[in-house]
$ cat entry_36.cif   # mmCIF, C-alpha atoms
data_final
loop_
_atom_site.group_PDB
_atom_site.id
_atom_site.type_symbol
_atom_site.label_atom_id
_atom_site.label_comp_id
_atom_site.auth_asym_id
_atom_site.auth_seq_id
_atom_site.Cartn_x
_atom_site.Cartn_y
_atom_site.Cartn_z
ATOM 1 C CA MET I 1 0.000 0.000 0.000
ATOM 2 C CA HIS I 2 2.844 2.365 0.864
ATOM 3 C CA ALA I 3 4.478 1.705 -2.526
ATOM 4 C CA PHE I 4 1.170 2.347 -4.267
ATOM 5 C CA ASN I 5 0.730 5.690 -2.469
ATOM 6 C CA SER I 6 4.284 6.694 -3.333
ATOM 7 C CA MET I 7 3.715 5.852 -6.991
ATOM 8 C CA ARG I 8 0.422 7.776 -6.964
ATOM 9 C CA THR I 9 2.140 10.812 -5.435
ATOM 10 C CA MET I 10 4.869 10.724 -8.100
ATOM 11 C CA VAL I 11 2.285 10.539 -10.888
ATOM 12 C CA LEU I 12 0.330 13.467 -9.474
ATOM 13 C CA LYS I 13 3.530 15.520 -9.209
ATOM 14 C CA ALA I 14 4.400 14.695 -12.794
ATOM 15 C CA VAL I 15 0.930 15.719 -14.002
ATOM 16 C CA PHE I 16 1.219 18.950 -12.019
ATOM 17 C CA LEU I 17 4.641 19.773 -13.526
ATOM 18 C CA ILE I 18 3.463 18.997 -17.054
ATOM 19 C CA THR I 19 0.387 21.200 -16.538
ATOM 20 C CA CYS I 20 2.561 24.065 -15.254
ATOM 21 C CA PHE I 21 4.869 23.657 -18.250
ATOM 22 C CA PHE I 22 2.035 24.073 -20.711
ATOM 23 C CA PHE I 23 0.572 27.036 -18.867
ATOM 24 C CA LEU I 24 3.904 28.804 -18.611
ATOM 25 C CA SER I 25 5.470 27.983 -21.952
ATOM 26 C CA GLY I 26 2.424 27.369 -24.117
ATOM 27 C CA PRO I 27 0.711 29.982 -26.285
ATOM 28 C CA VAL I 28 -0.672 33.091 -24.553
ATOM 29 C CA TYR I 29 -4.075 33.892 -25.920
ATOM 30 C CA ALA I 30 -5.128 37.312 -27.187
ATOM 31 C CA GLY I 31 -7.494 39.607 -25.374
ATOM 32 C CA VAL I 32 -10.516 41.348 -26.852
ATOM 33 C CA PHE I 33 -10.744 45.077 -26.252
ATOM 34 C CA LEU I 34 -13.379 47.685 -27.101
ATOM 35 C CA ASP I 35 -11.979 50.751 -28.861
ATOM 36 C CA ASP I 36 -13.509 54.257 -28.812
ATOM 37 C CA LEU I 37 -15.803 53.386 -31.714
ATOM 38 C CA GLY I 38 -17.235 50.388 -29.857
ATOM 39 C CA ARG I 39 -15.409 47.909 -32.103
ATOM 40 C CA LYS I 40 -14.128 44.637 -30.634
ATOM 41 C CA VAL I 41 -10.436 44.276 -31.422
ATOM 42 C CA GLU I 42 -8.484 41.094 -30.698
ATOM 43 C CA ILE I 43 -4.959 41.990 -29.610
ATOM 44 C CA ALA I 44 -2.091 39.701 -28.650
ATOM 45 C CA PRO I 45 -0.644 40.382 -25.178
ATOM 46 C CA SER I 46 2.332 42.763 -25.069
ATOM 47 C CA PRO I 47 2.494 43.453 -28.845
ATOM 48 C CA LYS I 48 6.026 43.681 -30.230
ATOM 49 C CA ARG I 49 5.427 45.465 -33.562
ATOM 50 C CA ILE I 50 3.181 48.504 -33.229
ATOM 51 C CA VAL I 51 2.261 50.928 -36.012
ATOM 52 C CA SER I 52 1.050 54.399 -35.023
ATOM 53 C CA LEU I 53 -1.271 56.299 -37.362
ATOM 54 C CA ALA I 54 -1.092 59.660 -35.542
ATOM 55 C CA PRO I 55 1.560 61.847 -33.840
ATOM 56 C CA GLY I 56 -0.289 61.940 -30.516
ATOM 57 C CA ILE I 57 -0.421 58.160 -30.378
ATOM 58 C CA THR I 58 3.296 57.977 -31.122
ATOM 59 C CA GLU I 59 3.991 60.334 -28.217
ATOM 60 C CA VAL I 60 1.916 58.149 -25.867
ATOM 61 C CA LEU I 61 3.822 55.033 -26.941
ATOM 62 C CA TYR I 62 7.149 56.704 -26.190
ATOM 63 C CA CYS I 63 5.887 57.948 -22.811
ATOM 64 C CA LEU I 64 4.975 54.363 -21.908
ATOM 65 C CA GLY I 65 8.461 53.109 -22.775
ATOM 66 C CA LEU I 66 7.407 51.349 -25.984
ATOM 67 C CA ASP I 67 9.968 52.961 -28.302
ATOM 68 C CA GLY I 68 11.488 49.564 -29.099
ATOM 69 C CA GLU I 69 8.105 48.159 -30.115
ATOM 70 C CA ILE I 70 7.248 50.960 -32.575
ATOM 71 C CA ALA I 71 7.552 49.557 -36.105
ATOM 72 C CA GLY I 72 6.175 52.511 -38.065
ATOM 73 C CA VAL I 73 4.829 56.061 -37.718
ATOM 74 C CA THR I 74 3.411 58.856 -39.889
ATOM 75 C CA ILE I 75 5.485 61.562 -41.553
ATOM 76 C CA TYR I 76 4.098 64.022 -38.978
ATOM 77 C CA CYS I 77 5.407 62.075 -35.979
ATOM 78 C CA ASN I 78 8.229 64.409 -34.968
ATOM 79 C CA TYR I 79 8.286 64.100 -31.185
ATOM 80 C CA PRO I 80 10.305 62.912 -29.427
ATOM 81 C CA GLU I 81 13.305 63.296 -31.719
ATOM 82 C CA ALA I 82 13.690 59.521 -31.999
ATOM 83 C CA ALA I 83 10.285 59.325 -33.709
ATOM 84 C CA ARG I 84 11.695 61.167 -36.735
ATOM 85 C CA HIS I 85 13.929 58.186 -37.456
ATOM 86 C CA LYS I 86 11.228 55.498 -37.362
ATOM 87 C CA PRO I 87 10.039 53.967 -40.684
ATOM 88 C CA LYS I 88 7.244 56.047 -42.225
ATOM 89 C CA ILE I 89 3.843 54.792 -43.409
ATOM 90 C CA GLY I 90 2.577 58.066 -44.955
ATOM 91 C CA GLY I 91 0.446 60.909 -43.589
ATOM 92 C CA PHE I 92 -3.043 60.926 -42.095
ATOM 93 C CA THR I 93 -5.086 60.499 -45.255
ATOM 94 C CA ASN I 94 -2.502 58.950 -47.581
ATOM 95 C CA ILE I 95 -1.415 56.014 -45.448
ATOM 96 C CA SER I 96 0.280 53.217 -47.370
ATOM 97 C CA VAL I 97 -1.490 49.964 -46.510
ATOM 98 C CA GLU I 98 1.187 48.026 -48.390
ATOM 99 C CA LYS I 99 3.933 49.638 -46.315
ATOM 100 C CA ILE I 100 2.109 48.753 -43.099
ATOM 101 C CA LEU I 101 1.637 45.133 -44.201
ATOM 102 C CA SER I 102 5.359 44.869 -44.959
ATOM 103 C CA MET I 103 6.053 45.776 -41.319
ATOM 104 C CA ASN I 104 4.074 42.720 -40.146
ATOM 105 C CA PRO I 105 2.482 44.576 -37.183
ATOM 106 C CA ASP I 106 0.684 42.842 -34.356
ATOM 107 C CA LEU I 107 -1.079 46.102 -33.406
ATOM 108 C CA ILE I 108 -2.101 49.251 -35.292
ATOM 109 C CA ILE I 109 -3.403 52.260 -33.350
ATOM 110 C CA GLY I 110 -5.260 55.048 -35.145
ATOM 111 C CA THR I 111 -7.553 57.975 -34.507
ATOM 112 C CA ALA I 112 -11.105 58.603 -35.687
ATOM 113 C CA ASP I 113 -10.351 62.291 -36.198
ATOM 114 C CA GLY I 114 -7.345 61.955 -38.454
ATOM 115 C CA ASN I 115 -7.462 58.593 -40.230
ATOM 116 C CA ARG I 116 -9.769 57.659 -43.087
ATOM 117 C CA LYS I 117 -12.454 55.099 -42.330
ATOM 118 C CA GLU I 118 -11.719 53.336 -45.630
ATOM 119 C CA THR I 119 -8.091 52.776 -44.615
ATOM 120 C CA VAL I 120 -9.083 51.352 -41.252
ATOM 121 C CA MET I 121 -11.626 49.013 -42.858
ATOM 122 C CA ARG I 122 -9.106 47.774 -45.406
ATOM 123 C CA LEU I 123 -6.491 47.035 -42.757
ATOM 124 C CA GLU I 124 -9.128 45.246 -40.725
ATOM 125 C CA SER I 125 -10.259 43.186 -43.731
ATOM 126 C CA LEU I 126 -6.653 42.047 -44.166
ATOM 127 C CA GLY I 127 -6.663 40.605 -40.660
ATOM 128 C CA MET I 128 -4.785 43.449 -38.978
ATOM 129 C CA PRO I 129 -5.767 44.378 -35.388
ATOM 130 C CA VAL I 130 -6.661 48.092 -35.609
ATOM 131 C CA PHE I 131 -7.535 49.914 -32.370
ATOM 132 C CA ILE I 132 -9.144 53.343 -32.908
ATOM 133 C CA THR I 133 -9.035 56.186 -30.379
ATOM 134 C CA ASN I 134 -11.344 59.201 -30.412
ATOM 135 C CA PRO I 135 -10.642 61.551 -27.462
ATOM 136 C CA LYS I 136 -12.479 64.880 -27.450
ATOM 137 C CA THR I 137 -11.706 66.266 -23.997
ATOM 138 C CA LEU I 138 -8.772 66.445 -21.625
ATOM 139 C CA ASP I 139 -10.210 63.618 -19.512
ATOM 140 C CA GLU I 140 -10.704 61.497 -22.630
ATOM 141 C CA ILE I 141 -7.094 62.089 -23.671
ATOM 142 C CA LEU I 142 -5.982 60.758 -20.279
ATOM 143 C CA GLY I 143 -8.398 57.869 -20.778
ATOM 144 C CA MET I 144 -6.751 57.164 -24.121
ATOM 145 C CA VAL I 145 -3.373 56.901 -22.375
ATOM 146 C CA LEU I 146 -4.854 54.303 -20.018
ATOM 147 C CA ALA I 147 -6.451 52.398 -22.913
ATOM 148 C CA ILE I 148 -3.179 52.249 -24.839
ATOM 149 C CA GLY I 149 -1.469 51.087 -21.651
ATOM 150 C CA ARG I 150 -3.984 48.264 -21.271
ATOM 151 C CA ILE I 151 -3.714 46.966 -24.829
ATOM 152 C CA THR I 152 0.093 47.103 -24.873
ATOM 153 C CA GLY I 153 0.802 45.498 -21.506
ATOM 154 C CA LYS I 154 1.853 48.822 -19.964
ATOM 155 C CA GLU I 155 -1.129 49.446 -17.713
ATOM 156 C CA ARG I 156 0.956 50.132 -14.620
ATOM 157 C CA GLU I 157 3.058 52.728 -16.441
ATOM 158 C CA ALA I 158 -0.087 54.299 -17.918
ATOM 159 C CA LYS I 159 -1.729 54.627 -14.510
ATOM 160 C CA LYS I 160 1.381 56.259 -13.076
ATOM 161 C CA LEU I 161 1.591 58.672 -16.017
ATOM 162 C CA THR I 162 -2.068 59.698 -15.901
ATOM 163 C CA LEU I 163 -1.901 60.280 -12.145
ATOM 164 C CA HIS I 164 1.089 62.566 -12.698
ATOM 165 C CA LEU I 165 -0.747 64.443 -15.468
ATOM 166 C CA LYS I 166 -3.898 64.850 -13.367
ATOM 167 C CA ASN I 167 -1.835 66.298 -10.528
ATOM 168 C CA ARG I 168 -0.205 68.746 -12.932
ATOM 169 C CA VAL I 169 -3.604 69.869 -14.229
ATOM 170 C CA LYS I 170 -4.815 70.368 -10.657
ATOM 171 C CA ASN I 171 -1.728 72.378 -9.718
ATOM 172 C CA LEU I 172 -1.875 74.544 -12.847
ATOM 173 C CA SER I 173 -5.569 75.343 -12.465
ATOM 174 C CA SER I 174 -5.008 76.188 -8.790
ATOM 175 C CA LEU I 175 -2.665 79.003 -9.871
ATOM 176 C CA VAL I 176 -5.578 80.909 -11.428
ATOM 177 C CA ASN I 177 -8.306 80.038 -8.919
ATOM 178 C CA GLY I 178 -9.947 83.218 -7.619
ATOM 179 C CA ARG I 179 -8.409 85.431 -10.315
ATOM 180 C CA ARG I 180 -10.548 87.481 -12.683
ATOM 181 C CA LYS I 181 -11.102 85.549 -15.891
ATOM 182 C CA ARG I 182 -9.686 87.263 -18.965
ATOM 183 C CA SER I 183 -11.457 87.206 -22.329
ATOM 184 C CA VAL I 184 -9.545 85.287 -24.993
ATOM 185 C CA PHE I 185 -9.746 84.996 -28.765
ATOM 186 C CA PHE I 186 -8.095 81.787 -29.941
ATOM 187 C CA GLN I 187 -7.260 81.705 -33.653
ATOM 188 C CA VAL I 188 -6.470 78.496 -35.531
ATOM 189 C CA GLY I 189 -6.892 79.697 -39.120
ATOM 190 C CA GLY I 190 -5.738 82.844 -40.897
ATOM 191 C CA ASP I 191 -7.784 83.250 -44.049
ATOM 192 C CA PRO I 192 -10.624 82.930 -43.292
ATOM 193 C CA ILE I 193 -10.359 83.613 -39.573
ATOM 194 C CA ILE I 194 -11.193 80.400 -37.699
ATOM 195 C CA THR I 195 -11.560 80.028 -33.958
ATOM 196 C CA VAL I 196 -12.622 77.305 -31.489
ATOM 197 C CA GLY I 197 -16.114 76.622 -30.185
ATOM 198 C CA ARG I 198 -17.638 75.237 -27.012
ATOM 199 C CA ASP I 199 -16.970 71.529 -27.466
ATOM 200 C CA THR I 200 -13.234 71.653 -28.205
ATOM 201 C CA VAL I 201 -10.334 70.762 -25.971
ATOM 202 C CA HIS I 202 -8.954 74.259 -26.728
ATOM 203 C CA ASN I 203 -11.991 75.828 -25.059
ATOM 204 C CA GLN I 204 -11.473 73.547 -22.075
ATOM 205 C CA LEU I 205 -7.808 74.559 -21.796
ATOM 206 C CA ILE I 206 -8.707 78.256 -21.969
ATOM 207 C CA THR I 207 -11.199 77.789 -19.126
ATOM 208 C CA LEU I 208 -8.763 75.793 -16.969
ATOM 209 C CA ALA I 209 -6.131 78.491 -17.553
ATOM 210 C CA GLY I 210 -8.401 81.200 -16.177
ATOM 211 C CA GLY I 211 -9.761 82.580 -19.424
ATOM 212 C CA VAL I 212 -13.116 82.996 -21.137
ATOM 213 C CA ASN I 213 -13.252 82.025 -24.797
ATOM 214 C CA ILE I 214 -15.169 84.765 -26.647
ATOM 215 C CA ALA I 215 -16.445 82.031 -29.003
ATOM 216 C CA GLY I 216 -17.181 79.630 -26.153
ATOM 217 C CA GLY I 217 -20.895 79.733 -26.798
ATOM 218 C CA GLU I 218 -20.572 78.493 -30.369
ATOM 219 C CA LYS I 219 -21.866 74.977 -31.025
ATOM 220 C CA THR I 220 -19.761 74.695 -34.183
ATOM 221 C CA LEU I 221 -16.390 73.178 -33.341
ATOM 222 C CA TYR I 222 -14.372 75.580 -35.482
ATOM 223 C CA PRO I 223 -16.526 78.578 -36.431
ATOM 224 C CA HIS I 224 -15.493 81.295 -38.869
ATOM 225 C CA TYR I 225 -15.267 84.772 -37.348
ATOM 226 C CA SER I 226 -15.016 88.180 -38.970
ATOM 227 C CA VAL I 227 -12.697 90.919 -37.784
ATOM 228 C CA GLU I 228 -15.777 92.922 -36.841
ATOM 229 C CA GLU I 229 -16.995 90.153 -34.514
ATOM 230 C CA VAL I 230 -13.634 90.041 -32.756
ATOM 231 C CA VAL I 231 -13.536 93.838 -32.456
ATOM 232 C CA ALA I 232 -17.052 93.851 -30.990
ATOM 233 C CA ARG I 233 -16.140 91.301 -28.314
ATOM 234 C CA GLN I 234 -12.962 93.132 -27.233
ATOM 235 C CA PRO I 235 -10.723 90.206 -26.201
ATOM 236 C CA GLU I 236 -8.019 90.967 -23.666
ATOM 237 C CA VAL I 237 -5.750 88.223 -25.032
ATOM 238 C CA ILE I 238 -5.326 86.892 -28.567
ATOM 239 C CA ILE I 239 -3.639 83.512 -28.994
ATOM 240 C CA LEU I 240 -2.493 82.265 -32.395
ATOM 241 C CA THR I 241 -1.475 78.677 -33.040
ATOM 242 C CA SER I 242 1.844 78.279 -34.795
ATOM 243 C CA MET I 243 0.094 76.554 -37.742
ATOM 244 C CA LYS I 244 3.466 75.288 -38.973
ATOM 245 C CA TYR I 245 2.194 73.587 -42.091
ATOM 246 C CA GLU I 246 -0.351 76.189 -43.232
ATOM 247 C CA THR I 247 0.685 79.811 -43.273
ATOM 248 C CA ASP I 248 3.019 82.506 -41.996
ATOM 249 C CA VAL I 249 1.779 83.483 -38.529
ATOM 250 C CA SER I 250 3.632 86.806 -38.608
ATOM 251 C CA ASN I 251 1.311 88.006 -41.381
ATOM 252 C CA ILE I 252 -1.736 87.302 -39.189
ATOM 253 C CA TRP I 253 -0.052 89.036 -36.279
ATOM 254 C CA ASN I 254 0.555 92.177 -38.357
ATOM 255 C CA LYS I 255 -3.091 92.245 -39.481
ATOM 256 C CA TRP I 256 -4.298 92.378 -35.895
ATOM 257 C CA ARG I 257 -1.961 95.262 -35.132
ATOM 258 C CA LYS I 258 -4.105 97.386 -37.443
ATOM 259 C CA TRP I 259 -6.819 97.302 -34.742
ATOM 260 C CA PRO I 260 -5.179 99.057 -31.748
ATOM 261 C CA HIS I 261 -8.498 99.639 -29.940
ATOM 262 C CA ILE I 262 -8.832 95.870 -29.292
ATOM 263 C CA PRO I 263 -7.552 95.510 -25.693
ATOM 264 C CA ALA I 264 -5.267 92.576 -26.619
ATOM 265 C CA VAL I 265 -3.631 94.633 -29.389
ATOM 266 C CA ARG I 266 -3.473 97.827 -27.350
ATOM 267 C CA ASP I 267 -1.771 96.025 -24.461
ATOM 268 C CA ASN I 268 0.486 93.955 -26.734
ATOM 269 C CA ARG I 269 -1.056 90.680 -25.605
ATOM 270 C CA LEU I 270 -0.861 88.730 -28.838
ATOM 271 C CA HIS I 271 0.797 85.369 -28.299
ATOM 272 C CA ILE I 272 1.797 82.359 -30.387
ATOM 273 C CA ILE I 273 1.435 78.866 -28.959
ATOM 274 C CA ASP I 274 2.980 75.708 -30.409
ATOM 275 C CA THR I 275 0.289 73.893 -32.384
ATOM 276 C CA ASP I 276 1.660 70.501 -31.338
ATOM 277 C CA LEU I 277 1.031 71.245 -27.662
ATOM 278 C CA ILE I 278 -2.679 71.926 -28.005
ATOM 279 C CA ASP I 279 -3.750 70.039 -31.135
ATOM 280 C CA ARG I 280 -2.324 66.603 -30.341
ATOM 281 C CA SER I 281 -4.055 64.101 -28.103
ATOM 282 C CA SER I 282 -0.991 63.250 -26.064
ATOM 283 C CA PRO I 283 0.480 63.802 -22.585
ATOM 284 C CA ARG I 284 1.925 67.080 -23.877
ATOM 285 C CA ILE I 285 -1.584 68.559 -23.835
ATOM 286 C CA VAL I 286 -0.799 69.394 -20.189
ATOM 287 C CA ASP I 287 2.280 71.313 -21.379
ATOM 288 C CA GLY I 288 -0.162 73.200 -23.590
ATOM 289 C CA LEU I 289 -2.241 74.036 -20.519
ATOM 290 C CA ALA I 290 0.902 75.293 -18.757
ATOM 291 C CA GLU I 291 1.600 77.602 -21.709
ATOM 292 C CA MET I 292 -2.004 78.836 -21.630
ATOM 293 C CA VAL I 293 -1.656 79.762 -17.947
ATOM 294 C CA LYS I 294 1.553 81.697 -18.701
ATOM 295 C CA ILE I 295 -0.145 83.555 -21.541
ATOM 296 C CA ILE I 296 -3.474 84.378 -19.886
ATOM 297 C CA HIS I 297 -2.245 84.927 -16.314
ATOM 298 C CA PRO I 298 1.531 85.522 -16.419
ATOM 299 C CA GLU I 299 1.349 87.178 -12.990
ATOM 300 C CA ALA I 300 0.133 83.887 -11.461
ATOM 301 C CA VAL I 301 3.146 81.993 -12.780
ATOM 302 C CA LYS I 302 5.605 84.635 -11.578
ATOM 303 C CA LYS I 303 4.066 84.494 -8.111
#
$ encode --input "entry_36.cif" --output "structure tokens"
Amino acid sequence: MHAFNSMRTMVLKAVFLITCFFFLSGPVYAGVFLDDLGRKVEIAPSPKRIVSLAPGITEVLYCLGLDGEIAGVTIYCNYPEAARHKPKIGGFTNISVEKILSMNPDLIIGTADGNRKETVMRLESLGMPVFITNPKTLDEILGMVLAIGRITGKEREAKKLTLHLKNRVKNLSSLVNGRRKRSVFFQVGGDPIITVGRDTVHNQLITLAGGVNIAGGEKTLYPHYSVEEVVARQPEVIILTSMKYETDVSNIWNKWRKWPHIPAVRDNRLHIIDTDLIDRSSPRIVDGLAEMVKIIHPEAVKK
């Protein structure tokens, strides 16, 4: 009986070890994740070859320590500096599907705002896992960071990063608490004049930075404004985006100087802000908020 029990124990140990071997060294199955469009995307754990279809996504990947896993980026992915040297897959609307396929990615991350639906559908039809983000607010941008962390096996790093960013937002907004809000005209287009409406992240940043967007009541995301409308609303601060790829900002600046009775012009409070800081859905959006605070309430930063 003793010999039988010993044999039985040895068999059970062997079965246990074999089971552990298969669990530890066998295939790890993919997870299914919902993207911002409600699509179910099957993604292998800890993907090793990631293609980014937008600059903001590229910045998130670098912030999470995934630089070694990035297989391809767009021609507009210029930050951090290392992103400039990654293989390119085209722009936003002229993405090369063939180039992406040649990279053999196990994850593609895109954005509903910048990437064409047709491109996403084609990649999906070819069996590529395409996860689409669609953040519209500051909170949703932070949520996107967490989502990318989850699907790439970097959830812990993503949680740490978003906590840091939330604390920065809280600290920056506390600098302007109790101060008189200054009226702001935020210009994103030169000819015609284009500004930002109520439901934009730019409007949210202006508010957090202690300003009041003179177009903040507009339901249109990017309404056209005339010079007369701006003059009538008398903004105390005018902020121009750098618009690197569109036009010469200095020409726009000089046009506003022709209207010295606008408080912002009279007091020389025309400022340029880096487009990349406030147009990209990335952790640097908080740097954009910091710049907004400096521009709208410079006295708060000095204090």
$ atom_distance --input "entry_36.cif" --atom1 "atom CA of I:Ser46" --atom2 "atom CA of I:Lys136"
26.7 Å
$ closest_residue --input "entry_36.cif" --among "I:Ile132, I:Val73, I:Cys63, I:Leu175" --to "I:Lys117" --atoms "all atoms listed in the file"
I:Ile132
$ resolve_selection --input "entry_36.cif" --expression "the PyMOL selection byres ((chain I and resi 93-109) around 6)" --output "list in words"
Pro47, Arg49, Ile50, Val51, Ser52, Ile89, Gly90, Gly91, Phe92, Gly110, Asn115, Arg116, Pro129, Val130, Phe131 and Ile132 of chain I
$ write_last_selection --input "entry_36.cif" --atoms "C-alpha atoms" --output "PDB file, in the coordinates of the input"
ATOM      1  CA  PRO I  47       2.494  43.453 -28.845  1.00  0.00           C
ATOM      2  CA  ARG I  49       5.427  45.465 -33.562  1.00  0.00           C
ATOM      3  CA  ILE I  50       3.181  48.504 -33.229  1.00  0.00           C
ATOM      4  CA  VAL I  51       2.261  50.928 -36.012  1.00  0.00           C
ATOM      5  CA  SER I  52       1.050  54.399 -35.023  1.00  0.00           C
ATOM      6  CA  ILE I  89       3.843  54.792 -43.409  1.00  0.00           C
ATOM      7  CA  GLY I  90       2.577  58.066 -44.955  1.00  0.00           C
ATOM      8  CA  GLY I  91       0.446  60.909 -43.589  1.00  0.00           C
ATOM      9  CA  PHE I  92      -3.043  60.926 -42.095  1.00  0.00           C
ATOM     10  CA  GLY I 110      -5.260  55.048 -35.145  1.00  0.00           C
ATOM     11  CA  ASN I 115      -7.462  58.593 -40.230  1.00  0.00           C
ATOM     12  CA  ARG I 116      -9.769  57.659 -43.087  1.00  0.00           C
ATOM     13  CA  PRO I 129      -5.767  44.378 -35.388  1.00  0.00           C
ATOM     14  CA  VAL I 130      -6.661  48.092 -35.609  1.00  0.00           C
ATOM     15  CA  PHE I 131      -7.535  49.914 -32.370  1.00  0.00           C
ATOM     16  CA  ILE I 132      -9.144  53.343 -32.908  1.00  0.00           C
TER      17      ILE I 132
END
$ atom_distance --input "entry_36.cif" --atom1 "atom CA of I:Leu123" --atom2 "atom CA of I:Glu81"
27.9 Å
$ residues_around --input "entry_36.cif" --residues "stretch 220-225 of chain I" --least-positions-apart "2" --cutoff "8 Å" --atoms "all atoms listed in the file" --output "ChimeraX atom specification"
/I:192-200,218,227,229-230
